[in-house]
>>> print(open('data.pdb').read())   # PDB, C-alpha atoms, pLDDT in the B column
MODEL        1
ATOM      1  CA  MET S   1      85.150 157.390  65.884  1.00 56.00           C
ATOM      2  CA  LYS S   2      84.906 153.775  66.913  1.00 66.00           C
ATOM      3  CA  ASN S   3      82.088 151.525  65.657  1.00 70.00           C
ATOM      4  CA  GLU S   4      80.743 149.809  68.769  1.00 77.00           C
ATOM      5  CA  THR S   5      78.318 146.924  68.919  1.00 80.00           C
ATOM      6  CA  ASP S   6      75.547 147.018  71.490  1.00 83.00           C
ATOM      7  CA  PHE S   7      75.811 143.633  73.200  1.00 85.00           C
ATOM      8  CA  LEU S   8      73.034 144.373  75.655  1.00 89.00           C
ATOM      9  CA  THR S   9      70.086 145.096  73.364  1.00 90.00           C
ATOM     10  CA  ASP S  10      68.228 142.484  71.326  1.00 90.00           C
ATOM     11  CA  THR S  11      66.815 143.329  67.924  1.00 89.00           C
ATOM     12  CA  LEU S  12      63.562 141.468  67.366  1.00 91.00           C
ATOM     13  CA  GLU S  13      62.511 140.312  63.914  1.00 90.00           C
ATOM     14  CA  GLY S  14      59.197 139.166  62.468  1.00 92.00           C
ATOM     15  CA  LYS S  15      60.361 136.150  60.448  1.00 91.00           C
ATOM     16  CA  ALA S  16      57.992 133.424  61.661  1.00 94.00           C
ATOM     17  CA  VAL S  17      56.479 131.281  58.921  1.00 94.00           C
ATOM     18  CA  MET S  18      53.464 128.981  58.974  1.00 95.00           C
ATOM     19  CA  PHE S  19      52.680 126.280  56.447  1.00 95.00           C
ATOM     20  CA  ALA S  20      49.071 125.133  56.465  1.00 92.00           C
ATOM     21  CA  PRO S  21      48.290 121.551  55.442  1.00 85.00           C
ATOM     22  CA  GLY S  22      48.992 121.183  51.739  1.00 84.00           C
ATOM     23  CA  GLU S  23      51.214 124.267  51.560  1.00 95.00           C
ATOM     24  CA  GLY S  24      54.793 124.146  50.356  1.00 96.00           C
ATOM     25  CA  GLU S  25      56.536 123.076  47.176  1.00 97.00           C
ATOM     26  CA  VAL S  26      55.349 119.559  46.288  1.00 97.00           C
ATOM     27  CA  LEU S  27      57.637 117.080  44.543  1.00 97.00           C
ATOM     28  CA  ALA S  28      55.359 114.267  43.319  1.00 95.00           C
ATOM     29  CA  MET S  29      56.631 110.882  42.184  1.00 93.00           C
ATOM     30  CA  GLY S  30      53.793 108.540  41.294  1.00 89.00           C
ATOM     31  CA  GLY S  31      51.715 107.985  44.439  1.00 93.00           C
ATOM     32  CA  ASN S  32      54.465 109.450  46.633  1.00 96.00           C
ATOM     33  CA  SER S  33      55.292 113.043  47.447  1.00 96.00           C
ATOM     34  CA  ILE S  34      57.713 115.253  49.326  1.00 97.00           C
ATOM     35  CA  THR S  35      56.426 118.667  50.401  1.00 97.00           C
ATOM     36  CA  LEU S  36      59.107 121.194  51.288  1.00 98.00           C
ATOM     37  CA  LYS S  37      58.048 123.111  54.402  1.00 97.00           C
ATOM     38  CA  VAL S  38      60.883 124.769  56.357  1.00 97.00           C
ATOM     39  CA  THR S  39      63.795 124.907  53.928  1.00 97.00           C
ATOM     40  CA  SER S  40      67.455 125.707  54.493  1.00 95.00           C
ATOM     41  CA  ASP S  41      66.889 129.180  53.023  1.00 94.00           C
ATOM     42  CA  ILE S  42      64.201 129.929  55.609  1.00 95.00           C
ATOM     43  CA  SER S  43      66.160 128.496  58.562  1.00 95.00           C
ATOM     44  CA  ASN S  44      69.603 129.801  57.610  1.00 94.00           C
ATOM     45  CA  ASP S  45      70.582 126.156  56.949  1.00 94.00           C
ATOM     46  CA  GLN S  46      69.889 125.163  60.558  1.00 95.00           C
ATOM     47  CA  LEU S  47      66.831 122.972  59.966  1.00 96.00           C
ATOM     48  CA  GLY S  48      64.849 121.278  57.229  1.00 97.00           C
ATOM     49  CA  VAL S  49      61.228 120.171  57.706  1.00 98.00           C
ATOM     50  CA  TYR S  50      59.513 118.101  55.026  1.00 98.00           C
ATOM     51  CA  GLU S  51      56.231 116.215  54.707  1.00 97.00           C
ATOM     52  CA  ILE S  52      56.648 112.795  53.122  1.00 97.00           C
ATOM     53  CA  LYS S  53      53.770 110.706  51.759  1.00 97.00           C
ATOM     54  CA  LEU S  54      54.568 107.103  50.885  1.00 97.00           C
ATOM     55  CA  ALA S  55      52.108 104.860  49.067  1.00 97.00           C
ATOM     56  CA  PRO S  56      51.750 101.219  50.151  1.00 97.00           C
ATOM     57  CA  GLY S  57      54.712  99.045  49.167  1.00 95.00           C
ATOM     58  CA  THR S  58      57.108 101.991  48.761  1.00 95.00           C
ATOM     59  CA  ILE S  59      60.717 102.047  49.915  1.00 96.00           C
ATOM     60  CA  GLY S  60      61.633 105.492  51.180  1.00 95.00           C
ATOM     61  CA  ALA S  61      65.330 104.686  51.618  1.00 96.00           C
ATOM     62  CA  ARG S  62      67.510 101.623  52.077  1.00 96.00           C
ATOM     63  CA  LEU S  63      69.959 101.468  54.994  1.00 97.00           C
ATOM     64  CA  HIS S  64      72.170 104.549  54.976  1.00 97.00           C
ATOM     65  CA  TYR S  65      73.669 107.022  57.421  1.00 98.00           C
ATOM     66  CA  HIS S  66      74.525 110.714  57.664  1.00 98.00           C
ATOM     67  CA  ARG S  67      77.847 112.034  58.916  1.00 98.00           C
ATOM     68  CA  PHE S  68      76.820 115.593  59.722  1.00 97.00           C
ATOM     69  CA  MET S  69      73.065 115.673  60.319  1.00 97.00           C
ATOM     70  CA  ASP S  70      70.458 114.125  62.583  1.00 98.00           C
ATOM     71  CA  GLU S  71      67.085 112.943  61.272  1.00 98.00           C
ATOM     72  CA  THR S  72      63.785 112.914  63.157  1.00 98.00           C
ATOM     73  CA  PHE S  73      60.642 111.140  61.937  1.00 98.00           C
ATOM     74  CA  ILE S  74      57.260 112.315  63.262  1.00 98.00           C
ATOM     75  CA  PHE S  75      54.504 109.890  62.285  1.00 97.00           C
ATOM     76  CA  ARG S  76      51.210 111.533  61.353  1.00 97.00           C
ATOM     77  CA  LYS S  77      49.292 108.798  59.519  1.00 97.00           C
ATOM     78  CA  GLY S  78      49.718 105.062  59.035  1.00 97.00           C
ATOM     79  CA  THR S  79      52.485 102.667  60.044  1.00 97.00           C
ATOM     80  CA  LEU S  80      56.021 102.954  58.712  1.00 97.00           C
ATOM     81  CA  THR S  81      58.722 100.312  59.030  1.00 98.00           C
ATOM     82  CA  VAL S  82      62.007 101.897  60.081  1.00 98.00           C
ATOM     83  CA  GLU S  83      65.043  99.705  59.484  1.00 97.00           C
ATOM     84  CA  LEU S  84      67.811 100.042  62.054  1.00 96.00           C
ATOM     85  CA  ALA S  85      71.069  98.130  62.494  1.00 88.00           C
ATOM     86  CA  ASN S  86      69.527  96.011  65.262  1.00 91.00           C
ATOM     87  CA  GLY S  87      66.351  95.259  63.302  1.00 95.00           C
ATOM     88  CA  PRO S  88      63.146  96.891  62.100  1.00 97.00           C
ATOM     89  CA  ILE S  89      60.628  98.821  64.180  1.00 97.00           C
ATOM     90  CA  ARG S  90      57.070  99.604  63.157  1.00 97.00           C
ATOM     91  CA  ALA S  91      56.229 103.179  64.066  1.00 97.00           C
ATOM     92  CA  GLN S  92      52.594 104.244  64.148  1.00 96.00           C
ATOM     93  CA  GLU S  93      50.719 107.524  64.140  1.00 96.00           C
ATOM     94  CA  GLY S  94      51.917 109.779  66.942  1.00 97.00           C
ATOM     95  CA  ALA S  95      55.332 108.115  67.300  1.00 98.00           C
ATOM     96  CA  VAL S  96      58.633 109.956  66.998  1.00 98.00           C
ATOM     97  CA  VAL S  97      61.888 108.278  65.951  1.00 98.00           C
ATOM     98  CA  TYR S  98      65.146 110.188  66.377  1.00 98.00           C
ATOM     99  CA  VAL S  99      68.143 108.987  64.336  1.00 98.00           C
ATOM    100  CA  PRO S 100      71.412 110.713  65.275  1.00 98.00           C
ATOM    101  CA  ARG S 101      74.251 111.078  62.787  1.00 98.00           C
ATOM    102  CA  MET S 102      76.342 107.969  62.107  1.00 98.00           C
ATOM    103  CA  THR S 103      73.312 105.724  62.786  1.00 98.00           C
ATOM    104  CA  ALA S 104      72.308 103.374  59.962  1.00 98.00           C
ATOM    105  CA  HIS S 105      68.617 103.616  59.084  1.00 98.00           C
ATOM    106  CA  GLY S 106      66.156 103.143  56.248  1.00 97.00           C
ATOM    107  CA  PHE S 107      62.381 103.170  55.928  1.00 97.00           C
ATOM    108  CA  SER S 108      59.544 101.715  53.905  1.00 97.00           C
ATOM    109  CA  ASN S 109      55.780 101.510  53.847  1.00 97.00           C
ATOM    110  CA  GLN S 110      54.963  97.829  54.196  1.00 96.00           C
ATOM    111  CA  SER S 111      51.315  98.511  55.027  1.00 96.00           C
ATOM    112  CA  ASP S 112      48.165  98.624  52.897  1.00 96.00           C
ATOM    113  CA  GLU S 113      47.584 102.354  53.371  1.00 97.00           C
ATOM    114  CA  ASP S 114      49.390 105.629  52.739  1.00 97.00           C
ATOM    115  CA  VAL S 115      51.890 106.782  55.350  1.00 97.00           C
ATOM    116  CA  VAL S 116      52.438 110.473  56.095  1.00 97.00           C
ATOM    117  CA  ILE S 117      55.380 111.644  58.157  1.00 97.00           C
ATOM    118  CA  ASN S 118      57.140 114.879  58.908  1.00 97.00           C
ATOM    119  CA  LEU S 119      60.865 114.473  58.430  1.00 97.00           C
ATOM    120  CA  ILE S 120      63.242 116.885  60.147  1.00 98.00           C
ATOM    121  CA  PHE S 121      66.936 117.261  59.307  1.00 98.00           C
ATOM    122  CA  ASN S 122      69.210 119.129  61.698  1.00 97.00           C
ATOM    123  CA  PRO S 123      71.093 120.964  60.324  1.00 97.00           C
ATOM    124  CA  GLY S 124      69.207 121.427  57.062  1.00 94.00           C
ATOM    125  CA  GLN S 125      72.275 121.373  54.796  1.00 93.00           C
ATOM    126  CA  GLN S 126      70.257 122.286  51.696  1.00 95.00           C
ATOM    127  CA  ARG S 127      68.380 118.954  51.899  1.00 95.00           C
ATOM    128  CA  GLU S 128      65.755 120.205  49.454  1.00 96.00           C
ATOM    129  CA  GLY S 129      68.447 119.993  46.761  1.00 96.00           C
ATOM    130  CA  PHE S 130      68.691 116.286  47.562  1.00 97.00           C
ATOM    131  CA  PHE S 131      64.925 115.851  47.230  1.00 97.00           C
ATOM    132  CA  ARG S 132      64.805 117.695  43.903  1.00 97.00           C
ATOM    133  CA  GLY S 133      67.674 115.549  42.612  1.00 96.00           C
ATOM    134  CA  LEU S 134      65.984 112.415  43.920  1.00 95.00           C
ATOM    135  CA  LYS S 135      62.811 113.247  42.012  1.00 95.00           C
ATOM    136  CA  SER S 136      64.822 113.811  38.837  1.00 96.00           C
ATOM    137  CA  ILE S 137      66.736 110.527  39.153  1.00 95.00           C
ATOM    138  CA  LEU S 138      63.822 108.356  40.278  1.00 93.00           C
ATOM    139  CA  THR S 139      61.529 109.541  37.484  1.00 92.00           C
ATOM    140  CA  GLU S 140      64.012 108.733  34.699  1.00 93.00           C
ATOM    141  CA  PRO S 141      63.125 105.688  32.552  1.00 93.00           C
ATOM    142  CA  GLU S 142      66.047 103.806  34.120  1.00 94.00           C
ATOM    143  CA  ILE S 143      67.743 104.676  37.413  1.00 94.00           C
ATOM    144  CA  ASP S 144      71.472 105.288  37.031  1.00 95.00           C
ATOM    145  CA  PRO S 145      73.143 103.849  40.193  1.00 96.00           C
ATOM    146  CA  ALA S 146      76.280 105.994  39.765  1.00 97.00           C
ATOM    147  CA  LYS S 147      74.188 109.174  39.532  1.00 97.00           C
ATOM    148  CA  TYR S 148      72.105 108.088  42.544  1.00 96.00           C
ATOM    149  CA  LEU S 149      75.253 107.445  44.625  1.00 97.00           C
ATOM    150  CA  LYS S 150      76.755 110.793  43.600  1.00 97.00           C
ATOM    151  CA  LEU S 151      73.564 112.588  44.718  1.00 97.00           C
ATOM    152  CA  TYR S 152      73.554 110.648  47.975  1.00 97.00           C
ATOM    153  CA  GLN S 153      77.140 111.515  48.798  1.00 97.00           C
ATOM    154  CA  LYS S 154      76.774 115.172  47.826  1.00 97.00           C
ATOM    155  CA  TYR S 155      73.989 115.532  50.410  1.00 97.00           C
ATOM    156  CA  ASP S 156      75.576 113.658  53.343  1.00 97.00           C
ATOM    157  CA  SER S 157      73.937 110.264  52.737  1.00 97.00           C
ATOM    158  CA  PHE S 158      76.050 107.136  52.627  1.00 97.00           C
ATOM    159  CA  PRO S 159      74.557 103.734  51.781  1.00 97.00           C
ATOM    160  CA  VAL S 160      75.498 100.848  54.055  1.00 96.00           C
ATOM    161  CA  ASP S 161      75.472  98.500  51.048  1.00 95.00           C
ATOM    162  CA  VAL S 162      76.168 100.150  47.680  1.00 95.00           C
ATOM    163  CA  GLN S 163      74.945  96.992  45.902  1.00 94.00           C
ATOM    164  CA  ASN S 164      71.531  97.364  47.591  1.00 92.00           C
ATOM    165  CA  MET S 165      71.037 101.132  47.772  1.00 93.00           C
ATOM    166  CA  LEU S 166      68.342 101.862  45.193  1.00 93.00           C
ATOM    167  CA  PRO S 167      64.808 102.278  46.571  1.00 92.00           C
ATOM    168  CA  VAL S 168      63.303  99.775  44.129  1.00 86.00           C
ATOM    169  CA  GLY S 169      61.722  96.358  44.472  1.00 75.00           C
ATOM    170  CA  PRO S 170      59.629  95.119  47.366  1.00 68.00           C
ATOM    171  CA  PRO S 171      60.313  96.443  50.876  1.00 70.00           C
ATOM    172  CA  GLN S 172      62.316  93.965  52.946  1.00 64.00           C
TER     173      GLN S 172
ENDMDL
END
>>> encode(input="data.pdb", output="structure tokens")
Amino acid sequence: MKNETDFLTDTLEGKAVMFAPGEGEVLAMGGNSITLKVTSDISNDQLGVYEIKLAPGTIGARLHYHRFMDETFIFRKGTLTVELANGPIRAQEGAVVYVPRMTAHGFSNQSDEDVVINLIFNPGQQREGFFRGLKSILTEPEIDPAKYLKLYQKYDSFPVDVQNMLPVGPPQ
């Protein structure tokens, strides 16, 4: 007997997930935090959705690019400076910035108030592993640049300038 697949009938599933404000695994680093919402495990590695809170004067990331994923910033609170190859833009609450793969970008909070954004990676590519590694590296007494670069490269992030890749010092 032949095993035949029914190509004409859909099988519906009840896998929807909702994260209320404040829900999700929180990775706190000083006055900053990353809350994991829709992870690669939930989305079958198709999407990653994260809430990022940056305190005033915080660099989220220096100029870098991704080879295999797109990044979308949805601005919920405050004003974030997004660095692009052709210069910075200041995105405010309600704005959306889409950064396709192979596009250099970075971001920092140069304002006097907290910034909250939702950050979406498509595909997800286990990005939460990057965030957990980032917390580990950035909370060490001294940041090891080689370790930071290795983490970056493992998770499809490539600094434009390796000599200026660490998210330390004043935002530029």
>>> closest_residue(input="data.pdb", among="S:Thr79, S:Asn109, S:Gln92, S:Asn32", to="S:Pro171", atoms="only C-alpha atoms")
S:Asn109
>>> residues_around(input="data.pdb", residues="S:Phe68", least_positions_apart="6", cutoff="9 Å", atoms="all atoms listed in the file", output="list in words")
Arg101, Met102, Asn122, Pro123, Gln125 and Asp156 of chain S
>>> closest_residue(input="data.pdb", among="S:Asn164, S:Thr11, S:Ser136, S:Asn118", to="S:Glu71", atoms="all atoms listed in the file")
S:Asn118
>>> atom_distance(input="data.pdb", atom1="atom CA of S:Ser43", atom2="atom CA of S:Ala16")
10.0 Å
>>> resolve_selection(input="data.pdb", expression="the PyMOL selection byres ((chain S and resi 78) around 9)", output="PyMOL selection string")
chain S and resi 75-77+79-80+91-93+109+111+113-117
>>> atom_distance(input="data.pdb", atom1="atom CA of S:Glu128", atom2="atom CA of S:Ala95")
23.9 Å
>>> residues_near_point(input="data.pdb", point="(65.7, 100.7, 52.3)", cutoff="12 Å", atoms="only C-alpha atoms", output="compact mmCIF listing (two decimals) with C-alpha atoms, in the frame of the given file")
# COMPACT_ATOMS: atom_id res chain seq x y z
CA GLY S 57 54.71 99.04 49.17
CA THR S 58 57.11 101.99 48.76
CA ILE S 59 60.72 102.05 49.92
CA GLY S 60 61.63 105.49 51.18
CA ALA S 61 65.33 104.69 51.62
CA ARG S 62 67.51 101.62 52.08
CA LEU S 63 69.96 101.47 54.99
CA HIS S 64 72.17 104.55 54.98
CA TYR S 65 73.67 107.02 57.42
CA LEU S 80 56.02 102.95 58.71
CA THR S 81 58.72 100.31 59.03
CA VAL S 82 62.01 101.90 60.08
CA GLU S 83 65.04 99.70 59.48
CA LEU S 84 67.81 100.04 62.05
CA ALA S 85 71.07 98.13 62.49
CA PRO S 88 63.15 96.89 62.10
CA ALA S 104 72.31 103.37 59.96
CA HIS S 105 68.62 103.62 59.08
CA GLY S 106 66.16 103.14 56.25
CA PHE S 107 62.38 103.17 55.93
CA SER S 108 59.54 101.72 53.90
CA ASN S 109 55.78 101.51 53.85
CA GLN S 110 54.96 97.83 54.20
CA PRO S 159 74.56 103.73 51.78
CA VAL S 160 75.50 100.85 54.06
CA ASP S 161 75.47 98.50 51.05
CA VAL S 162 76.17 100.15 47.68
CA GLN S 163 74.94 96.99 45.90
CA ASN S 164 71.53 97.36 47.59
CA MET S 165 71.04 101.13 47.77
CA LEU S 166 68.34 101.86 45.19
CA PRO S 167 64.81 102.28 46.57
CA VAL S 168 63.30 99.78 44.13
CA GLY S 169 61.72 96.36 44.47
CA PRO S 170 59.63 95.12 47.37
CA PRO S 171 60.31 96.44 50.88
CA GLN S 172 62.32 93.96 52.95
>>> atom_distance(input="data.pdb", atom1="atom CA of S:Lys53", atom2="atom CA of S:Lys15")
27.7 Å
>>> closest_residue(input="data.pdb", among="S:Met29, S:Leu134, S:Val49, S:Val99", to="S:Lys147", atoms="all atoms listed in the file")
S:Leu134
>>> axis_aligned_box(input="data.pdb", around="stretch 128-143 of chain S", padding_each_side="5 Å", output="JSON")
{"center_x": 65.1, "center_y": 112.0, "center_z": 41.0, "size_x": 17.2, "size_y": 26.4, "size_z": 26.9}
>>> resolve_selection(input="data.pdb", expression="the PyMOL selection byres ((chain S and resi 97) around 6)", output="ChimeraX atom specification")
/S:72-73,96,98
>>> closest_residue(input="data.pdb", among="S:Gly124, S:Leu149, S:Phe130, S:Leu54", to="S:Asp41", atoms="only C-alpha atoms")
S:Gly124
>>> residues_around(input="data.pdb", residues="S:Gly24", least_positions_apart="4", cutoff="12 Å", atoms="all atoms listed in the file", output="list in words")
Val17, Met18, Phe19, Ala20, Ser33, Ile34, Thr35, Leu36, Lys37, Val38, Thr39, Val49, Tyr50, Glu51, Ile52 and Glu128 of chain S
>>> closest_residue(input="data.pdb", among="S:Gln126, S:Phe7, S:Glu25, S:Asn86", to="S:Gly48", atoms="all atoms listed in the file")
S:Gln126
>>> build_atoms(input="data.pdb", residues="stretch 6-17 of chain S", atoms="all heavy atoms", output="PDB file, in the frame of the given file")
ATOM      1  N   ASP S   6      76.326 147.052  70.253  1.00 83.00           N
ATOM      2  CA  ASP S   6      75.547 147.018  71.490  1.00 83.00           C
ATOM      3  C   ASP S   6      75.255 145.564  71.830  1.00 83.00           C
ATOM      4  O   ASP S   6      74.412 144.919  71.217  1.00 83.00           O
ATOM      5  CB  ASP S   6      74.248 147.807  71.308  1.00 83.00           C
ATOM      6  CG  ASP S   6      73.412 147.834  72.576  1.00 83.00           C
ATOM      7  OD1 ASP S   6      73.788 147.180  73.575  1.00 83.00           O
ATOM      8  OD2 ASP S   6      72.374 148.508  72.564  1.00 83.00           O
ATOM      9  N   PHE S   7      75.977 145.033  72.804  1.00 85.00           N
ATOM     10  CA  PHE S   7      75.811 143.633  73.200  1.00 85.00           C
ATOM     11  C   PHE S   7      74.663 143.425  74.182  1.00 85.00           C
ATOM     12  O   PHE S   7      74.351 142.304  74.540  1.00 85.00           O
ATOM     13  CB  PHE S   7      77.108 143.106  73.824  1.00 85.00           C
ATOM     14  CG  PHE S   7      78.250 143.062  72.850  1.00 85.00           C
ATOM     15  CD1 PHE S   7      79.249 144.020  72.894  1.00 85.00           C
ATOM     16  CD2 PHE S   7      78.306 142.072  71.883  1.00 85.00           C
ATOM     17  CE1 PHE S   7      80.301 143.987  71.994  1.00 85.00           C
ATOM     18  CE2 PHE S   7      79.351 142.023  70.976  1.00 85.00           C
ATOM     19  CZ  PHE S   7      80.353 142.975  71.024  1.00 85.00           C
ATOM     20  N   LEU S   8      74.052 144.484  74.613  1.00 89.00           N
ATOM     21  CA  LEU S   8      73.034 144.373  75.655  1.00 89.00           C
ATOM     22  C   LEU S   8      71.606 144.510  75.148  1.00 89.00           C
ATOM     23  O   LEU S   8      70.668 144.282  75.892  1.00 89.00           O
ATOM     24  CB  LEU S   8      73.298 145.426  76.731  1.00 89.00           C
ATOM     25  CG  LEU S   8      74.690 145.355  77.377  1.00 89.00           C
ATOM     26  CD1 LEU S   8      74.888 146.498  78.353  1.00 89.00           C
ATOM     27  CD2 LEU S   8      74.888 144.013  78.053  1.00 89.00           C
ATOM     28  N   THR S   9      71.427 144.874  73.893  1.00 90.00           N
ATOM     29  CA  THR S   9      70.086 145.096  73.364  1.00 90.00           C
ATOM     30  C   THR S   9      69.790 144.080  72.264  1.00 90.00           C
ATOM     31  O   THR S   9      70.597 143.896  71.351  1.00 90.00           O
ATOM     32  CB  THR S   9      69.959 146.523  72.792  1.00 90.00           C
ATOM     33  OG1 THR S   9      70.329 147.456  73.813  1.00 90.00           O
ATOM     34  CG2 THR S   9      68.539 146.796  72.322  1.00 90.00           C
ATOM     35  N   ASP S  10      68.668 143.414  72.365  1.00 90.00           N
ATOM     36  CA  ASP S  10      68.228 142.484  71.326  1.00 90.00           C
ATOM     37  C   ASP S  10      67.459 143.239  70.250  1.00 90.00           C
ATOM     38  O   ASP S  10      66.731 144.189  70.543  1.00 90.00           O
ATOM     39  CB  ASP S  10      67.300 141.405  71.905  1.00 90.00           C
ATOM     40  CG  ASP S  10      68.025 140.450  72.818  1.00 90.00           C
ATOM     41  OD1 ASP S  10      69.240 140.247  72.638  1.00 90.00           O
ATOM     42  OD2 ASP S  10      67.366 139.885  73.720  1.00 90.00           O
ATOM     43  N   THR S  11      67.601 142.793  69.027  1.00 89.00           N
ATOM     44  CA  THR S  11      66.815 143.329  67.924  1.00 89.00           C
ATOM     45  C   THR S  11      65.849 142.238  67.492  1.00 89.00           C
ATOM     46  O   THR S  11      66.266 141.182  67.006  1.00 89.00           O
ATOM     47  CB  THR S  11      67.735 143.721  66.743  1.00 89.00           C
ATOM     48  OG1 THR S  11      68.683 144.677  67.202  1.00 89.00           O
ATOM     49  CG2 THR S  11      66.914 144.295  65.596  1.00 89.00           C
ATOM     50  N   LEU S  12      64.578 142.466  67.700  1.00 91.00           N
ATOM     51  CA  LEU S  12      63.562 141.468  67.366  1.00 91.00           C
ATOM     52  C   LEU S  12      63.199 141.546  65.889  1.00 91.00           C
ATOM     53  O   LEU S  12      63.204 142.618  65.283  1.00 91.00           O
ATOM     54  CB  LEU S  12      62.317 141.656  68.229  1.00 91.00           C
ATOM     55  CG  LEU S  12      62.546 141.549  69.736  1.00 91.00           C
ATOM     56  CD1 LEU S  12      61.233 141.762  70.480  1.00 91.00           C
ATOM     57  CD2 LEU S  12      63.148 140.203  70.102  1.00 91.00           C
ATOM     58  N   GLU S  13      62.881 140.379  65.325  1.00 90.00           N
ATOM     59  CA  GLU S  13      62.511 140.312  63.914  1.00 90.00           C
ATOM     60  C   GLU S  13      61.195 139.561  63.782  1.00 90.00           C
ATOM     61  O   GLU S  13      60.884 138.702  64.603  1.00 90.00           O
ATOM     62  CB  GLU S  13      63.615 139.604  63.118  1.00 90.00           C
ATOM     63  CG  GLU S  13      64.941 140.322  63.180  1.00 90.00           C
ATOM     64  CD  GLU S  13      66.056 139.575  62.462  1.00 90.00           C
ATOM     65  OE1 GLU S  13      65.885 138.368  62.192  1.00 90.00           O
ATOM     66  OE2 GLU S  13      67.080 140.197  62.171  1.00 90.00           O
ATOM     67  N   GLY S  14      60.466 139.841  62.734  1.00 92.00           N
ATOM     68  CA  GLY S  14      59.197 139.166  62.468  1.00 92.00           C
ATOM     69  C   GLY S  14      59.346 138.178  61.318  1.00 92.00           C
ATOM     70  O   GLY S  14      58.817 138.418  60.238  1.00 92.00           O
ATOM     71  N   LYS S  15      60.071 137.087  61.537  1.00 91.00           N
ATOM     72  CA  LYS S  15      60.361 136.150  60.448  1.00 91.00           C
ATOM     73  C   LYS S  15      59.652 134.804  60.590  1.00 91.00           C
ATOM     74  O   LYS S  15      59.999 133.854  59.899  1.00 91.00           O
ATOM     75  CB  LYS S  15      61.864 135.915  60.357  1.00 91.00           C
ATOM     76  CG  LYS S  15      62.646 137.140  59.914  1.00 91.00           C
ATOM     77  CD  LYS S  15      64.103 136.797  59.717  1.00 91.00           C
ATOM     78  CE  LYS S  15      64.876 137.985  59.190  1.00 91.00           C
ATOM     79  NZ  LYS S  15      66.286 137.664  58.971  1.00 91.00           N
ATOM     80  N   ALA S  16      58.699 134.694  61.488  1.00 94.00           N
ATOM     81  CA  ALA S  16      57.992 133.424  61.661  1.00 94.00           C
ATOM     82  C   ALA S  16      57.234 133.064  60.386  1.00 94.00           C
ATOM     83  O   ALA S  16      56.762 133.931  59.650  1.00 94.00           O
ATOM     84  CB  ALA S  16      57.015 133.510  62.834  1.00 94.00           C
ATOM     85  N   VAL S  17      57.152 131.777  60.114  1.00 94.00           N
ATOM     86  CA  VAL S  17      56.479 131.281  58.921  1.00 94.00           C
ATOM     87  C   VAL S  17      55.559 130.136  59.327  1.00 94.00           C
ATOM     88  O   VAL S  17      55.926 129.306  60.156  1.00 94.00           O
ATOM     89  CB  VAL S  17      57.508 130.751  57.886  1.00 94.00           C
ATOM     90  CG1 VAL S  17      56.832 130.208  56.657  1.00 94.00           C
ATOM     91  CG2 VAL S  17      58.496 131.836  57.508  1.00 94.00           C
TER      92      VAL S  17
END
